[in-house]
file run.cif (mmCIF, C-alpha atoms)
data_structure
#
loop_
_atom_site.label_atom_id
_atom_site.label_comp_id
_atom_site.auth_asym_id
_atom_site.auth_seq_id
_atom_site.Cartn_x
_atom_site.Cartn_y
_atom_site.Cartn_z
CA MET A 707 112.95 92.25 112.58
CA LYS A 708 111.04 95.31 111.36
CA ALA A 709 107.50 95.05 110.03
CA ALA A 710 104.56 97.35 109.31
CA VAL A 711 101.89 96.22 111.77
CA ILE A 712 98.23 97.02 112.44
CA THR A 713 96.79 96.51 115.91
CA THR A 714 93.46 98.15 115.09
CA PHE A 715 91.47 98.90 111.94
CA GLY A 716 91.22 102.43 110.64
CA ASP A 717 92.86 105.05 108.44
CA PRO A 718 96.36 104.59 106.95
CA GLU A 719 98.02 105.88 110.12
CA VAL A 720 97.10 102.68 111.98
CA LEU A 721 100.00 101.11 110.06
CA HIS A 722 103.11 101.49 112.19
CA GLU A 723 106.60 100.05 112.24
CA ALA A 724 107.31 97.52 114.99
CA ASP A 725 109.78 94.81 115.92
CA ILE A 726 108.38 91.28 115.60
CA ASP A 727 109.81 87.77 115.83
CA VAL A 728 111.64 86.31 112.84
CA PRO A 729 109.49 83.54 111.28
CA GLU A 730 110.99 80.08 110.94
CA PRO A 731 110.35 78.02 107.79
CA GLU A 732 108.44 74.79 108.33
CA ALA A 733 108.59 71.73 106.08
CA GLY A 734 107.98 72.79 102.47
CA GLN A 735 108.59 76.46 103.22
CA ILE A 736 111.39 78.90 102.54
CA ARG A 737 112.25 82.08 104.39
CA ILE A 738 112.84 85.14 102.24
CA ARG A 739 114.72 88.35 102.95
CA ILE A 740 112.42 90.75 101.21
CA ARG A 741 113.75 93.32 98.73
CA ALA A 742 110.48 94.66 97.27
CA ILE A 743 106.82 94.51 98.33
CA GLY A 744 103.81 95.08 96.12
CA VAL A 745 100.96 97.08 97.66
CA ASN A 746 97.43 96.12 96.60
CA PRO A 747 93.98 97.72 97.03
CA ILE A 748 92.67 94.72 98.99
CA GLU A 749 95.28 95.43 101.68
CA ALA A 750 93.91 98.94 102.15
CA LYS A 751 90.41 97.49 102.49
CA ILE A 752 91.61 95.04 105.14
CA ARG A 753 93.39 97.83 107.01
CA SER A 754 90.25 99.97 106.95
CA GLY A 755 88.18 97.19 108.49
CA ALA A 756 86.08 96.53 105.38
CA PHE A 757 87.42 92.98 105.58
CA GLN A 758 88.17 91.56 109.01
CA MET A 759 91.16 89.50 110.10
CA PRO A 760 92.71 88.66 113.48
CA LEU A 761 94.85 91.43 114.99
CA PRO A 762 97.66 92.30 115.40
CA ALA A 763 98.52 91.61 111.77
CA VAL A 764 101.21 92.14 109.17
CA LEU A 765 99.58 92.82 105.80
CA GLY A 766 100.97 92.12 102.35
CA PHE A 767 100.30 89.53 99.64
CA GLU A 768 103.32 89.74 97.33
CA PHE A 769 107.07 89.90 97.74
CA ALA A 770 110.31 89.60 95.82
CA GLY A 771 113.56 88.80 97.54
CA VAL A 772 116.36 86.39 98.31
CA VAL A 773 116.00 82.97 99.92
CA ASP A 774 117.37 83.24 103.45
CA ALA A 775 116.67 79.71 104.76
CA VAL A 776 114.85 76.56 103.63
CA GLY A 777 112.74 74.09 105.55
CA GLU A 778 112.69 70.34 105.22
CA ARG A 779 111.58 68.85 101.88
CA VAL A 780 112.57 71.96 99.91
CA SER A 781 114.84 71.04 97.02
CA ASP A 782 114.02 73.49 94.22
CA VAL A 783 115.76 76.53 95.74
CA ARG A 784 118.60 77.23 98.13
CA PRO A 785 119.79 80.23 100.16
CA GLY A 786 120.84 83.08 97.88
CA ASP A 787 118.33 82.30 95.11
CA ARG A 788 116.07 85.10 93.91
CA VAL A 789 112.30 84.45 94.13
CA VAL A 790 108.93 86.17 93.90
CA GLY A 791 105.80 84.84 95.56
CA TRP A 792 103.07 84.94 98.19
CA PRO A 793 103.72 84.78 101.94
CA ASP A 794 102.12 81.91 103.83
CA GLY A 795 101.41 83.90 106.97
CA PRO A 796 100.95 84.69 109.73
CA VAL A 797 103.60 87.25 108.70
CA GLY A 798 102.65 89.01 105.47
CA SER A 799 105.06 90.76 103.13
CA TYR A 800 105.15 94.17 104.88
CA ALA A 801 108.26 92.97 106.69
CA GLU A 802 111.98 92.34 106.37
CA LEU A 803 111.47 88.56 106.31
CA THR A 804 108.58 86.21 105.59
CA VAL A 805 107.98 82.53 104.80
CA SER A 806 106.43 81.04 101.68
CA SER A 807 105.63 77.77 99.95
CA THR A 808 104.33 79.40 96.74
CA TYR A 809 107.01 81.14 94.69
CA VAL A 810 108.72 81.41 91.32
CA ALA A 811 112.38 81.95 90.48
CA ILE A 812 113.46 85.40 89.25
CA PRO A 813 116.06 85.60 86.45
CA ASP A 814 119.07 87.76 87.26
CA THR A 815 118.05 90.23 84.54
CA VAL A 816 114.70 91.02 86.25
CA SER A 817 114.76 93.53 89.09
CA PHE A 818 113.15 92.76 92.43
CA GLU A 819 110.91 95.79 91.91
CA ASP A 820 109.58 94.59 88.55
CA ALA A 821 109.07 91.07 89.90
CA ALA A 822 107.11 92.31 92.91
CA ALA A 823 105.04 94.56 90.64
CA VAL A 824 104.04 91.74 88.28
CA LEU A 825 103.13 88.86 90.62
CA VAL A 826 99.50 89.52 91.54
CA ALA A 827 98.84 91.28 88.22
CA ALA A 828 100.11 88.33 86.16
CA ASP A 829 98.30 85.79 88.33
CA THR A 830 95.02 87.70 88.03
CA ALA A 831 95.33 88.60 84.35
CA SER A 832 96.23 85.09 83.23
CA ARG A 833 93.42 83.58 85.33
CA VAL A 834 90.72 85.88 83.93
CA LEU A 835 91.91 85.57 80.33
CA ALA A 836 91.61 81.80 80.75
CA GLU A 837 88.12 82.15 82.25
CA LEU A 838 87.10 84.27 79.26
CA ALA A 839 88.64 81.69 76.88
CA ILE A 840 89.95 84.58 74.77
CA ARG A 841 91.35 83.49 71.40
CA THR A 842 93.46 84.86 68.56
CA ASN A 843 91.66 87.37 66.32
CA GLU A 844 88.92 88.02 68.91
CA THR A 845 88.19 91.48 70.33
CA LEU A 846 88.54 92.02 74.08
CA LEU A 847 87.07 95.04 75.86
CA LEU A 848 89.36 95.70 78.82
CA HIS A 849 88.25 98.20 81.46
CA GLY A 850 91.09 99.66 83.52
CA ALA A 851 93.72 99.02 80.89
CA SER A 852 96.17 101.47 82.45
CA GLY A 853 96.11 99.84 85.90
CA ALA A 854 98.46 97.23 87.33
CA VAL A 855 96.30 94.25 86.35
CA GLY A 856 94.82 95.79 83.21
CA SER A 857 98.16 96.77 81.70
CA VAL A 858 99.53 93.24 82.11
CA ALA A 859 96.29 91.73 80.76
CA ALA A 860 96.46 94.01 77.72
CA GLN A 861 100.01 92.95 76.90
CA LEU A 862 99.30 89.24 77.39
CA ALA A 863 96.20 89.44 75.19
CA VAL A 864 97.94 91.42 72.44
CA ALA A 865 100.75 88.84 72.45
CA ARG A 866 98.11 86.17 71.69
CA GLY A 867 96.88 88.08 68.66
CA VAL A 868 93.83 89.51 70.41
CA ARG A 869 92.49 92.95 69.47
CA VAL A 870 92.24 94.88 72.74
CA ILE A 871 89.97 97.89 73.29
CA GLY A 872 91.33 99.41 76.50
CA THR A 873 89.36 101.94 78.52
CA SER A 874 91.04 104.48 80.77
CA GLY A 875 91.07 108.14 81.73
CA ALA A 876 92.18 110.72 79.19
CA ALA A 877 95.59 111.16 80.85
CA SER A 878 96.42 107.47 80.36
CA ARG A 879 95.46 107.25 76.69
CA GLY A 880 99.05 107.32 75.44
CA TYR A 881 100.13 104.64 77.90
CA VAL A 882 97.27 102.33 76.90
CA GLU A 883 98.20 102.74 73.24
CA SER A 884 101.83 101.92 74.08
CA LEU A 885 100.62 98.52 75.31
CA GLY A 886 99.29 97.71 71.85
CA ALA A 887 95.65 98.40 72.70
CA ILE A 888 93.13 100.77 71.15
CA ALA A 889 92.48 103.42 73.78
CA VAL A 890 88.93 104.53 74.59
CA GLU A 891 88.07 107.01 77.34
CA TYR A 892 85.69 106.35 80.23
CA GLY A 893 82.60 108.46 80.76
CA ASP A 894 79.41 109.40 78.96
CA GLY A 895 79.26 108.01 75.45
CA LEU A 896 81.43 104.98 76.27
CA VAL A 897 79.18 102.54 74.43
CA GLU A 898 79.24 104.63 71.27
CA ARG A 899 83.02 105.06 71.40
CA VAL A 900 83.58 101.33 71.85
CA ARG A 901 81.23 100.55 68.96
CA ALA A 902 83.13 103.00 66.77
CA ALA A 903 86.41 101.28 67.69
CA ALA A 904 84.95 97.78 67.30
CA PRO A 905 82.14 97.94 64.73
CA ASP A 906 81.93 94.14 64.59
CA GLY A 907 81.33 93.97 68.35
CA VAL A 908 83.36 92.69 71.29
CA ASP A 909 83.80 88.99 72.00
CA ALA A 910 84.63 89.27 75.70
CA VAL A 911 84.89 91.85 78.48
CA PHE A 912 87.46 91.99 81.29
CA ASP A 913 86.58 94.58 83.95
CA ALA A 914 89.66 95.40 85.98
CA ALA A 915 88.41 98.86 86.98
CA GLY A 916 85.11 98.46 88.84
CA LYS A 917 83.91 101.89 87.76
CA ASN A 918 80.28 100.99 86.98
CA ALA A 919 81.18 99.80 83.49
CA LEU A 920 79.20 96.54 83.69
CA PRO A 921 75.86 97.88 82.37
CA ALA A 922 77.66 99.31 79.32
CA SER A 923 79.52 96.02 78.92
CA ILE A 924 76.29 94.01 78.99
CA ASN A 925 74.87 96.37 76.38
CA LEU A 926 77.90 95.87 74.14
CA ARG A 927 77.86 92.08 74.55
CA GLY A 928 74.10 91.77 74.26
CA GLY A 929 74.05 89.76 77.48
CA THR A 930 76.27 88.66 80.36
CA ASP A 931 78.11 85.83 78.59
CA ARG A 932 81.91 86.13 78.58
CA ILE A 933 82.04 89.13 80.94
CA VAL A 934 84.24 88.85 84.04
CA THR A 935 84.98 91.48 86.66
CA ILE A 936 87.57 91.49 89.42
CA ALA A 937 86.52 94.85 90.85
CA ASP A 938 82.76 95.49 90.74
CA PRO A 939 80.81 94.19 93.78
CA THR A 940 77.50 94.69 91.95
CA ALA A 941 78.38 91.86 89.54
CA GLY A 942 76.14 89.24 91.15
CA GLY A 943 73.06 91.40 90.92
CA LEU A 944 73.71 91.90 87.22
CA GLY A 945 74.36 88.24 86.51
CA VAL A 946 78.03 88.86 85.74
CA ALA A 947 80.85 86.55 86.88
CA PHE A 948 83.11 87.88 89.64
CA SER A 949 86.60 86.35 89.68
CA ALA A 950 88.36 86.38 93.05
CA GLY A 951 91.93 85.24 93.52
CA THR A 952 92.55 82.75 96.32
CA SER A 953 95.36 80.47 97.44
CA ALA A 954 93.49 77.64 95.71
CA ASN A 955 93.47 79.14 92.20
CA ARG A 956 96.89 80.78 91.87
CA ASN A 957 98.33 80.50 88.37
CA LEU A 958 102.03 79.80 88.84
CA ASP A 959 102.45 79.02 85.16
CA GLY A 960 101.04 82.45 84.33
CA VAL A 961 103.47 84.09 86.75
CA ARG A 962 106.44 82.15 85.34
CA ASP A 963 105.43 83.22 81.84
CA ALA A 964 105.20 86.86 82.92
CA VAL A 965 108.59 86.80 84.67
CA GLU A 966 110.16 85.23 81.58
CA ARG A 967 108.57 87.94 79.44
CA LEU A 968 110.03 90.57 81.75
CA ALA A 969 113.45 89.01 81.21
CA GLU A 970 112.89 88.97 77.44
CA ARG A 971 111.64 92.59 77.48
CA THR A 972 108.36 91.51 75.87
CA LEU A 973 106.37 92.56 78.95
CA SER A 974 106.70 95.70 81.04
CA VAL A 975 105.28 97.00 84.29
CA ARG A 976 104.78 100.62 85.32
CA ILE A 977 105.96 101.50 88.82
CA GLY A 978 104.43 104.67 90.20
CA HIS A 979 106.06 104.98 93.61
CA THR A 980 108.68 103.12 95.62
CA LEU A 981 108.63 103.97 99.33
CA PRO A 982 110.45 102.71 102.43
CA LEU A 983 108.57 100.24 104.63
CA ARG A 984 108.11 102.87 107.34
CA SER A 985 106.06 104.87 104.81
CA ALA A 986 103.38 102.19 104.50
CA PRO A 987 100.68 104.75 105.49
CA ALA A 988 101.68 106.95 102.54
CA ALA A 989 101.58 103.91 100.24
CA HIS A 990 98.01 103.19 101.33
CA ARG A 991 96.99 106.79 100.76
CA LEU A 992 98.33 106.52 97.22
CA ILE A 993 96.40 103.30 96.62
CA GLU A 994 93.20 104.78 97.98
CA SER A 995 93.56 107.90 95.83
CA GLY A 996 92.77 105.77 92.78
CA HIS A 997 95.54 107.49 90.82
CA PRO A 998 98.88 106.07 91.98
CA GLY A 999 100.42 106.39 88.50
CA GLY A 1000 101.52 102.77 88.46
CA LYS A 1001 102.32 100.04 90.93
CA VAL A 1002 103.08 101.17 94.48
CA LEU A 1003 106.00 99.34 96.12
CA LEU A 1004 107.54 99.25 99.58
CA VAL A 1005 111.16 98.37 100.27
CA PRO A 1006 112.44 97.27 103.72
#
call {"tool": "encode", "arguments": {"input": "run.cif", "output": "structure tokens"}}
result
Amino acid sequence: MKAAVITTFGDPEVLHEADIDVPEPEAGQIRIRIRAIGVNPIEAKIRSGAFQMPLPAVLGFEFAGVVDAVGERVSDVRPGDRVVGWPDGPVGSYAELTVSSTYVAIPDTVSFEDAAAVLVAADTASRVLAELAIRTNETLLLHGASGAVGSVAAQLAVARGVRVIGTSGAASRGYVESLGAIAVEYGDGLVERVRAAAPDGVDAVFDAAGKNALPASINLRGGTDRIVTIADPTAGGLGVAFSAGTSANRNLDGVRDAVERLAERTLSVRIGHTLPLRSAPAAHRLIESGHPGGKVLLVP
């Protein structure tokens, strides 16, 4: 089968298409014929060598597709069912087929592209909102509200009756407002603009951007309580909580809720680019540009 493989770390061009063996599902696993692949910033960091892993490797942490085969002790799905989930490895999702034991069913009314675009975002957003213990009628300051994770977090929070102040660049202001948030631009004067939008203060801060917004957030909160970042590596030095997603803390209930909301049209995702698998280098360049215009997807 075809896969996008790296045999060395480096720039996006180290990603190349190759033929690899078809993975076989073990007990508790399913094999999926992939229809859409979400591309994430962490994958570009792994490819660059910022994070090491054994090589050769097939990257990719999220997929949507059709069950192709099931292993022993799998009874919740059967071949032909539509699912979205995380690959178990060693074959990631930048491939025609992968295996998984962590997945959620996709309703027929949800496209593979939308499902692949929402998985990691919904998992991350629901996890951090729970860590912040955000409640109805509270005010949430959300940095990176126009991004893949931020836009889902904004919609989930607004649906709970939370007042969301969403920061973004000027070009994304209209999009942030369409999510039900109050849009505030990044840059000099951020603290003053947030205070004008939320004169009674902010109850919690979710940093999904990592653009040096933590000092301003601490100022606005009057301390580090109820501030969580998923993107700023300086968090520890500032006394701010850093939330990292792992296989041990995946929120399947949050993903199921998001997929159901997609089916109900009460949640939306913005897809910036959909590229063929052989164009994985171009997908990584888009991710690294910082302005992909929405979720970047690959399709085998």
call {"tool": "resolve_selection", "arguments": {"input": "run.cif", "expression": "the PyMOL selection byres ((chain A and resi 932) around 6)", "output": "list in words"}}
result
Leu838, Ala910, Asp931 and Ile933 of chain A
call {"tool": "closest_residue", "arguments": {"input": "run.cif", "among": "A:Pro785, A:Thr815, A:Gly744, A:Phe715", "to": "Gln758 in chain A", "atoms": "all atoms listed in the file"}}
result
A:Phe715
call {"tool": "resolve_selection", "arguments": {"input": "run.cif", "expression": "the PyMOL selection byres ((chain A and resi 944) around 10)", "output": "list of chain:residue names"}}
result
A:Leu920, A:Pro921, A:Ile924, A:Gly929, A:Thr930, A:Pro939, A:Thr940, A:Ala941, A:Gly942, A:Gly943, A:Gly945, A:Val946, A:Ala947
call {"tool": "residues_around", "arguments": {"input": "run.cif", "residues": "His722 in chain A", "least_positions_apart": "5", "cutoff": "8 Å", "atoms": "all atoms listed in the file", "output": "MDAnalysis selection string"}}
result
chainID A and resid 710:712 984 986:987
call {"tool": "closest_residue", "arguments": {"input": "run.cif", "among": "A:Gly798, A:Pro762, A:Gly771, A:Gly777", "to": "Pro813 in chain A", "atoms": "all atoms listed in the file"}}
result
A:Gly771
call {"tool": "atom_distance", "arguments": {"input": "run.cif", "atom1": "CA of Ala827 in chain A", "atom2": "CA of Val855 in chain A"}}
result
4.3 Å
call {"tool": "atom_distance", "arguments": {"input": "run.cif", "atom1": "CA of Val816 in chain A", "atom2": "CA of Gly951 in chain A"}}
result
24.6 Å
call {"tool": "axis_aligned_box", "arguments": {"input": "run.cif", "around": "range 812-823 of chain A", "padding_each_side": "4 Å", "output": "JSON"}}
result
{"center_x": 112.1, "center_y": 90.6, "center_z": 88.7, "size_x": 22.0, "size_y": 18.4, "size_z": 16.4}
call {"tool": "resolve_selection", "arguments": {"input": "run.cif", "expression": "the PyMOL selection byres ((chain A and resi 1000) around 8)", "output": "list of chain:residue names"}}
result
A:Gly853, A:Ala854, A:Arg976, A:Ile977, A:Gly978, A:His979, A:His997, A:Pro998, A:Gly999, A:Lys1001, A:Val1002
call {"tool": "write_last_selection", "arguments": {"input": "run.cif", "atoms": "C-alpha atoms", "output": "short mmCIF file (atom, residue, chain, number, x, y, z; two decimals), in the frame of the given file"}}
result
data_model
loop_
_atom_site.label_atom_id
_atom_site.label_comp_id
_atom_site.auth_asym_id
_atom_site.auth_seq_id
_atom_site.Cartn_x
_atom_site.Cartn_y
_atom_site.Cartn_z
CA GLY A 853 96.11 99.84 85.90
CA ALA A 854 98.46 97.23 87.33
CA ARG A 976 104.78 100.62 85.32
CA ILE A 977 105.96 101.50 88.82
CA GLY A 978 104.43 104.67 90.20
CA HIS A 979 106.06 104.98 93.61
CA HIS A 997 95.54 107.49 90.82
CA PRO A 998 98.88 106.07 91.98
CA GLY A 999 100.42 106.39 88.50
CA LYS A 1001 102.32 100.04 90.93
CA VAL A 1002 103.08 101.17 94.48
#
